[in-house]
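Engineer: Just passing along the structure, written as structure tokens.
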Amino acid sequence: MIAEYAALTLNTALIYAVIGCAFYYASIALRHVDFAVAIPITLVPASIAIAVPHALGGAAAVATVVGAVALGYGAHSASHALYATGARDGHLMVLSLAVLAIAENVARLMFGDVSVSLESSETVTTFGGVVLPNDHVVTSAVLMMLLLCLGGVARSSHGVSLRAVAASRDLAMLAGVRVYRVELAASICAFTLAAIGGVAWATVWRVRPGTAFVAALVGVVACVVGRTAGFRIAGVIVAASALACTRLVLLLSFESDWTMTALVGVLLTTVAIGRTVSRRVEA
């Protein structure tokens, strides 16, 4: 039983980490987008991945990930154009939240407000007496490889350019960094990661179109906590693991889905630790 819960927690942590990394890249790529605005923009492909499998199965997952590349390009172009026109963050927040509501309503009209999941195979894999569906094993392996690749990219010249843009676009431009290209690559990466996270979420759990909002909050908290810790991608992964472990503890204690409570608990703990460290440094 413990091994089964450990496997589920690993899957949860990996999915949370991928969605958190999507928000990390989105926060750099989209100029006007704070974390509230990034919710609907980044989770649109994930919403499609959650709803469509009910009708099309695995083909929908592949189509969603491919379509995320085009969506990332379009979102970056729109963000760049709005930045040039001087649009205000408040207006964009209202518009973005409206997009999220419309996307969820369309999904409900097409597929109904029922829980769905990707079609899963009946084959299983046994590890030390623990029986796991092959889909879960493959999902974990793919997400692990993806996170390792992101870690490698963070150490490359592109990762250096990305951090420079995140710190200051103007200074990065003066240093010779091609800001537009770096932002575009980050935007496409953000949407692709969100789509993969949505597909993985629909593979492991039964979900409904409204789950996109929960997934978005997971990404926001993982990204905020990770960046607060100052470790960027590594911080996001650690924050996602903390969320998954907190969710497991609450699940074992109260036998219910405590995802939202885990989010609040981890976020408040991070804020409290940050304040304590700041006070000691000031003292």
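Here's how to read the names in the structure tokens: chain A, B, ... by the order shown, residue numbers from 1 in each chain, ligand numbers from 1 in the order shown.
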List the spatial neighbours of Leu263 in chain A as a PDB file with C-alpha atoms, in the first residue's frame - criterion: any atom at most 9 Å away, only C-alpha atoms, same-chain residues fewer than 5 positions off excluded.
Structural biologist:
ATOM      1  CA  LEU A 217      -3.520  27.086  -9.574  1.00  0.00           C
ATOM      2  CA  VAL A 218      -1.064  24.221  -9.131  1.00  0.00           C
ATOM      3  CA  VAL A 221       1.819  28.065  -6.721  1.00  0.00           C
ATOM      4  CA  ALA A 222       4.679  25.829  -7.926  1.00  0.00           C
ATOM      5  CA  LEU A 243       2.727  20.049  -3.048  1.00  0.00           C
ATOM      6  CA  THR A 246       1.378  17.596   1.292  1.00  0.00           C
ATOM      7  CA  ARG A 247      -1.525  16.320  -0.804  1.00  0.00           C
ATOM      8  CA  TRP A 258      -7.200  18.048  -0.600  1.00  0.00           C
ATOM      9  CA  LEU A 268       1.517  30.185   3.268  1.00  0.00           C
TER      10      LEU A 268
END
Engineer: For Cys223 in chain A, work out the shell of residues within 6 Å, counting only C-alpha atoms and skipping chain neighbours fewer than 5 positions away, then give it as a list in words.
Structural biologist: Gly20, Tyr24 and Val236 of chain A
Engineer: What is the distance between CA of Ala101 in chain A and CA of Leu143 in chain A, in Å to one decimal?
Structural biologist: 28.6 Å
Engineer: Kindly indicate which residue among A:Thr203, A:Thr228, A:Thr270, A:Ser79 lies nearest to Ala242 in chain A, using only C-alpha atoms for the distances.
Structural biologist: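 Distance minimum relative to Ala242 in chain A lands on A:Thr270.
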Engineer: Would you compute the distance between CA of Arg163 in chain A and CA of Ala194 in chain A? Give it in Å to one decimal.
Structural biologist: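 Between these atoms lies a distance of 20.3 Å.
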Engineer: Closest to Ala167 in chain A among A:Ser27, A:Ala262, A:His76, A:Val138, using only C-alpha atoms?
Structural biologist: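 Among the listed residues, the smallest separation from Ala167 in chain A belongs to A:Ser27.
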